[in-house]
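What follows is a single structure, written as structure tokens, with notes after it.
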Amino acid sequence: MIPELLLQLPQLPQLPQLPQLPLPIAATAVTDGIGVVLQWDTLLYIGLGMLVGMLVGAFPGVTATMAVALASGFTLTMDPIQGLAVLLTIYVAAQFGDRVPAILINTPGTPASIATTFDGYPLAKQGKAGLAMTASAFGSAFGMVIGIIVLSLFAIPLAGLARQFGPPEMFALVVFGLTMMIGVSSGRIFKGLVAGAFGLLLATVGRDPITGDQRFTLGILELNGGVPFIPVIIGLFGVAEVLNQMVTHRRNAVQDKPISQLGQWMPDRAMFRRLAKPMGIGAGTGSVVGLVPAVGGDIAGIIAWDNAKRFSKRQDEFGKGSIEGLTSADTSSTATLGGSVTTTMALGVPGDSVMAVLIGSMMIWGIQPGPALFTNDPSLVYTLATILLVATVLSLGLSLVRMKSMVKLLELKNQYLWIIILVFCMVGTYSISNSVFDVFVMLIMGLIGLFMLRFGFPAGPAVLGLILGPLAESNLRRTLIGDGWSGFLTSPIALVLFAISAAALLLPPLRQMRLRRKQALKDKDEGLSVLIP
């Protein structure tokens, strides 16, 4: 019976062969990509981005997404490679700097260092803060290098495969990216859907992608080209976060003082051998998780921490000060960056919220992320890989310095930080096009972002909807005009992507319902056991 049913299924088309660059062209792409970066001005911008990123990561509440969004307003007048160098280096350095507050005051500098607090702060309380910070730095660097290798190996083949996609497959890919970000919105599926719909609604403002007619502009000339996404991003991620901290700040709250006794700093040989296994587990986990759009370093770190505990001989130490747990989590969270950059550049689908901001900047520079980007300019892959590698080496070197001054920075009052961030938000937004209208858009989006934060609506799906909305609409309408709904039904790739998207939305609430039902039955049984002597 089953074989007969299988025979009736439509035959899958033969997948296109992954493109292979001829050896001379590949060698030229590598040398050109590296040569662009190894110039004094580009290296200077990388150094600037490293300093900003380390400071951003070290201040709790200032996320990498916020920092990249703020910096994007100042980098739009730069050469695209120099701008990418600044933004990518900020992202890399923030992955190192955010471990400092996570270990010293039990507060993640960015969401990616959530799992760092599981064992980092207990180690610091044991007088091993220096050892924890050093192990974290080596693990983060190793994970970053593995991610760079993933980018170098898989970016061009993935872009070549995706270039075979037609309008049905591209629409399904955009839906896949949106639903993956919604599906990992901390269990808030419905609110993630609402946020994504809000972003798609904003994307309809401006000109029709097919006919070019104006729509939903309300007679405002500045909206003819659509809602400016850089002010939206700065408002949702920068202004909203500052306003939320102002609202939730308690005047008489006692701020935790960072642990200043760092203790032993450099691991010995035995410790390095002990860290090899958790670093391998973290690198493998992060590399796979990073290739999934919208699944960031926070989730990868938690998964790797759990996997390392499962394979460790010292499971009782996890959560109480395990150097293995700390290293596996930090290695995994940074290893996602290579896969995130790969999916962002090769597919045009942001790997996380930082990559969504990066896409917005690239579009203003005239660079369109997607399948054609790497196949038309393969040297860009190695340019990005070189930027990431140089940024990793510099950030590792700075992380291995005894950063006692960083402890003093953690004692800085939040009020001063709020003023600095708000000033940068306004100046950066205005500098994009010297438009006061953009500043108003930023402030309005800041208030909307504050509402979203207070009521649990994630900002990531909204930004992703705004950026990917035109791409989704144009491919949907091209498919319907050409083949109708049968264009989706006859495409196996589109059907698979739709199925995965549906699973990403349906499985989490079904799992929660199952857990609640199991807990209710357990409570009922316990109640009966109390009543019956």
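Going by the structure tokens order, chains are called A, B, ..., each with residues numbered from 1, while ligands are numbered from 1 in the order shown.
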I'd like the neighbourhood of range 323-332 of chain A as a PyMOL selection string, where a residue qualifies if any of its atoms comes within 7 Å (using only C-alpha atoms), though same-chain residues fewer than 6 positions away should be ignored.
chain A and resi 115-116+119-120+132+135-136+139-140+142-143+275+278-279+281-283+285-286+300-302+304-305+308-309
Test item: residues at most 9 Å from Val227 in chain A, only C-alpha atoms, excluding those fewer than 5 positions along its chain, as a list in words
Leu202, Ala203, Thr204, Val205, Gly206, Glu222, Val232, Val441 and Leu466 of chain A
Per-residue DSSP, range 70-285 of chain A, filtered to helix (DSSP H, G or I), as a ChimeraX atom specification
/A:70-75,80-97,99-104,111-113,116-125,129-162,167-183,189-203,221-223,229-248,269-285
Using only C-alpha atoms, which of the listed residues (A:Gly280, A:Gly33, A:Gly166, A:Gly130) sits closest to Pro267 in chain A?
A:Gly130
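Between CA of Leu158 in chain A and CA of Ala71 in chain A there is a distance of 29.2 Å.
The environment of Val174 in chain A within 7 Å, counting only C-alpha atoms and disregarding residues fewer than 4 places along the same chain, consists of Met170, Leu178, Val349, Leu468 and Ala472 of chain A.
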Give me, please, the distance in Å between CA of Lys128 in chain A and CA of Pro101 in chain A, quoted to one decimal.
14.4 Å
Just want the 8 Å neighbourhood of Val56 in chain A, counted on only C-alpha atoms, with same-chain residues fewer than 2 positions away dropped. Output as a ChimeraX atom specification.
/A:52-54,58-59,62-64,67,94,97-98,109
DSSP on the backbone, then: every residue of range 178-399 of chain A marked strand (DSSP E), written as a list in words.
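Strand (DSSP E) members of range 178-399 of chain A, listed: Gly206, Arg207, Gln214 and Arg215 of chain A.
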Now that the selection is made, can you save its residues with N, CA, C and O atoms as a PDB file, in the first residue's frame?
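Listing of part35.pdb after writing:
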ATOM      1  N   GLY A 206       4.126  53.774   0.715  1.00  0.00           N
ATOM      2  CA  GLY A 206       5.053  54.198  -0.331  1.00  0.00           C
ATOM      3  C   GLY A 206       4.515  53.889  -1.705  1.00  0.00           C
ATOM      4  O   GLY A 206       3.340  54.150  -2.000  1.00  0.00           O
ATOM      5  N   ARG A 207       5.342  53.300  -2.539  1.00  0.00           N
ATOM      6  CA  ARG A 207       4.945  52.996  -3.912  1.00  0.00           C
ATOM      7  C   ARG A 207       4.705  51.499  -4.082  1.00  0.00           C
ATOM      8  O   ARG A 207       5.419  50.675  -3.503  1.00  0.00           O
ATOM      9  N   GLN A 214       1.398  55.433  -5.830  1.00  0.00           N
ATOM     10  CA  GLN A 214       1.515  55.801  -4.425  1.00  0.00           C
ATOM     11  C   GLN A 214       0.357  55.209  -3.625  1.00  0.00           C
ATOM     12  O   GLN A 214      -0.758  55.093  -4.120  1.00  0.00           O
ATOM     13  N   ARG A 215       0.641  54.852  -2.379  1.00  0.00           N
ATOM     14  CA  ARG A 215      -0.404  54.294  -1.528  1.00  0.00           C
ATOM     15  C   ARG A 215      -0.063  54.555  -0.057  1.00  0.00           C
ATOM     16  O   ARG A 215       1.102  54.501   0.347  1.00  0.00           O
TER      17      ARG A 215
END
Give me the residues within 8 Å of range 397-400 of chain A as a PDB file with all heavy atoms, in the first residue's frame, counting only C-alpha atoms and dropping any in the same chain fewer than 2 places off.
ATOM      1  N   PHE A  96      32.269  39.840  23.021  1.00  0.00           N
ATOM      2  CA  PHE A  96      33.306  39.668  24.038  1.00  0.00           C
ATOM      3  C   PHE A  96      33.013  40.533  25.263  1.00  0.00           C
ATOM      4  O   PHE A  96      33.136  40.076  26.397  1.00  0.00           O
ATOM      5  CB  PHE A  96      34.677  40.043  23.459  1.00  0.00           C
ATOM      6  CG  PHE A  96      35.243  39.033  22.506  1.00  0.00           C
ATOM      7  CD1 PHE A  96      34.869  39.032  21.166  1.00  0.00           C
ATOM      8  CD2 PHE A  96      36.144  38.079  22.922  1.00  0.00           C
ATOM      9  CE1 PHE A  96      35.378  38.108  20.268  1.00  0.00           C
ATOM     10  CE2 PHE A  96      36.669  37.145  22.042  1.00  0.00           C
ATOM     11  CZ  PHE A  96      36.283  37.152  20.715  1.00  0.00           C
ATOM     12  N   GLY A  97      32.621  41.791  25.019  1.00  0.00           N
ATOM     13  CA  GLY A  97      32.408  42.703  26.127  1.00  0.00           C
ATOM     14  C   GLY A  97      31.226  42.353  26.991  1.00  0.00           C
ATOM     15  O   GLY A  97      31.226  42.637  28.199  1.00  0.00           O
ATOM     16  N   MET A 133      36.610  34.999  32.985  1.00  0.00           N
ATOM     17  CA  MET A 133      36.650  35.941  31.868  1.00  0.00           C
ATOM     18  C   MET A 133      37.639  35.503  30.797  1.00  0.00           C
ATOM     19  O   MET A 133      37.383  35.658  29.595  1.00  0.00           O
ATOM     20  CB  MET A 133      37.001  37.335  32.397  1.00  0.00           C
ATOM     21  CG  MET A 133      35.908  37.934  33.278  1.00  0.00           C
ATOM     22  SD  MET A 133      36.414  39.446  34.135  1.00  0.00           S
ATOM     23  CE  MET A 133      36.636  40.559  32.766  1.00  0.00           C
ATOM     24  N   THR A 134      38.756  34.924  31.206  1.00  0.00           N
ATOM     25  CA  THR A 134      39.739  34.450  30.229  1.00  0.00           C
ATOM     26  C   THR A 134      39.209  33.235  29.462  1.00  0.00           C
ATOM     27  O   THR A 134      39.330  33.160  28.229  1.00  0.00           O
ATOM     28  CB  THR A 134      41.056  34.089  30.924  1.00  0.00           C
ATOM     29  OG1 THR A 134      41.514  35.212  31.674  1.00  0.00           O
ATOM     30  CG2 THR A 134      42.108  33.694  29.909  1.00  0.00           C
ATOM     31  N   ALA A 137      36.727  34.370  27.021  1.00  0.00           N
ATOM     32  CA  ALA A 137      37.331  35.034  25.862  1.00  0.00           C
ATOM     33  C   ALA A 137      37.873  34.022  24.865  1.00  0.00           C
ATOM     34  O   ALA A 137      37.653  34.147  23.648  1.00  0.00           O
ATOM     35  CB  ALA A 137      38.451  35.972  26.326  1.00  0.00           C
ATOM     36  N   VAL A 393      40.468  38.719  16.499  1.00  0.00           N
ATOM     37  CA  VAL A 393      41.817  38.720  17.073  1.00  0.00           C
ATOM     38  C   VAL A 393      42.027  39.943  17.962  1.00  0.00           C
ATOM     39  O   VAL A 393      42.553  39.842  19.085  1.00  0.00           O
ATOM     40  CB  VAL A 393      42.864  38.675  15.946  1.00  0.00           C
ATOM     41  CG1 VAL A 393      44.274  38.862  16.515  1.00  0.00           C
ATOM     42  CG2 VAL A 393      42.773  37.357  15.185  1.00  0.00           C
ATOM     43  N   LEU A 394      41.605  41.118  17.486  1.00  0.00           N
ATOM     44  CA  LEU A 394      41.767  42.331  18.286  1.00  0.00           C
ATOM     45  C   LEU A 394      40.932  42.280  19.564  1.00  0.00           C
ATOM     46  O   LEU A 394      41.392  42.675  20.644  1.00  0.00           O
ATOM     47  CB  LEU A 394      41.377  43.557  17.460  1.00  0.00           C
ATOM     48  CG  LEU A 394      42.282  43.889  16.267  1.00  0.00           C
ATOM     49  CD1 LEU A 394      41.731  45.095  15.507  1.00  0.00           C
ATOM     50  CD2 LEU A 394      43.712  44.173  16.726  1.00  0.00           C
ATOM     51  N   SER A 395      39.695  41.779  19.442  1.00  0.00           N
ATOM     52  CA  SER A 395      38.828  41.693  20.619  1.00  0.00           C
ATOM     53  C   SER A 395      39.365  40.693  21.630  1.00  0.00           C
ATOM     54  O   SER A 395      39.290  40.918  22.848  1.00  0.00           O
ATOM     55  CB  SER A 395      37.406  41.310  20.197  1.00  0.00           C
ATOM     56  OG  SER A 395      36.854  42.273  19.324  1.00  0.00           O
ATOM     57  N   ARG A 402      43.988  42.624  31.736  1.00  0.00           N
ATOM     58  CA  ARG A 402      43.271  42.709  33.012  1.00  0.00           C
ATOM     59  C   ARG A 402      42.453  44.000  33.040  1.00  0.00           C
ATOM     60  O   ARG A 402      42.967  45.075  33.290  1.00  0.00           O
ATOM     61  CB  ARG A 402      44.257  42.684  34.183  1.00  0.00           C
ATOM     62  CG  ARG A 402      44.883  41.335  34.410  1.00  0.00           C
ATOM     63  CD  ARG A 402      45.840  41.386  35.593  1.00  0.00           C
ATOM     64  NE  ARG A 402      46.397  40.068  35.874  1.00  0.00           N
ATOM     65  CZ  ARG A 402      45.907  39.216  36.748  1.00  0.00           C
ATOM     66  NH1 ARG A 402      44.820  39.534  37.423  1.00  0.00           N
ATOM     67  NH2 ARG A 402      46.467  38.047  36.964  1.00  0.00           N
ATOM     68  N   MET A 403      41.161  43.857  32.766  1.00  0.00           N
ATOM     69  CA  MET A 403      40.304  45.028  32.558  1.00  0.00           C
ATOM     70  C   MET A 403      39.713  45.524  33.877  1.00  0.00           C
ATOM     71  O   MET A 403      38.501  45.508  34.081  1.00  0.00           O
ATOM     72  CB  MET A 403      39.208  44.683  31.552  1.00  0.00           C
ATOM     73  CG  MET A 403      39.734  44.381  30.164  1.00  0.00           C
ATOM     74  SD  MET A 403      38.416  44.055  28.979  1.00  0.00           S
ATOM     75  CE  MET A 403      37.787  42.497  29.583  1.00  0.00           C
TER      76      MET A 403
END
Please identify all polymer residues within 10 Å of range 480-491 of chain A, counting only C-alpha atoms, omitting same-chain residues fewer than 4 positions from it, and present them as an NGL selection string.
:A and (10 or 12-13 or 165-169 or 171-172 or 475-476 or 495-496 or 498)
When you look at Phe455 in chain A with a cut-off of 12 Å (counting only C-alpha atoms), what residues show up, excluding the ones that are within fewer than 2 positions of it in the same chain? I need them as a count of residues only.
15
So how many Å separate CA of Ala503 in chain A and CA of Val175 in chain A, to one decimal?
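CA of Val175 in chain A lies at a distance of 12.4 Å from CA of Ala503 in chain A.
Using only C-alpha atoms, the shortest contact distance between Cys425 in chain A and any of A:Gly370, A:Gly73, A:Pro122, A:Pro508 is found at A:Gly73.
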Could you check the closest approach to Ala162 in chain A for each of A:Gln519, A:Thr383, A:Thr375, A:Asn414 and tell me which residue wins, using only C-alpha atoms?
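Of the candidates, the smallest distance to Ala162 in chain A is held by A:Thr375.
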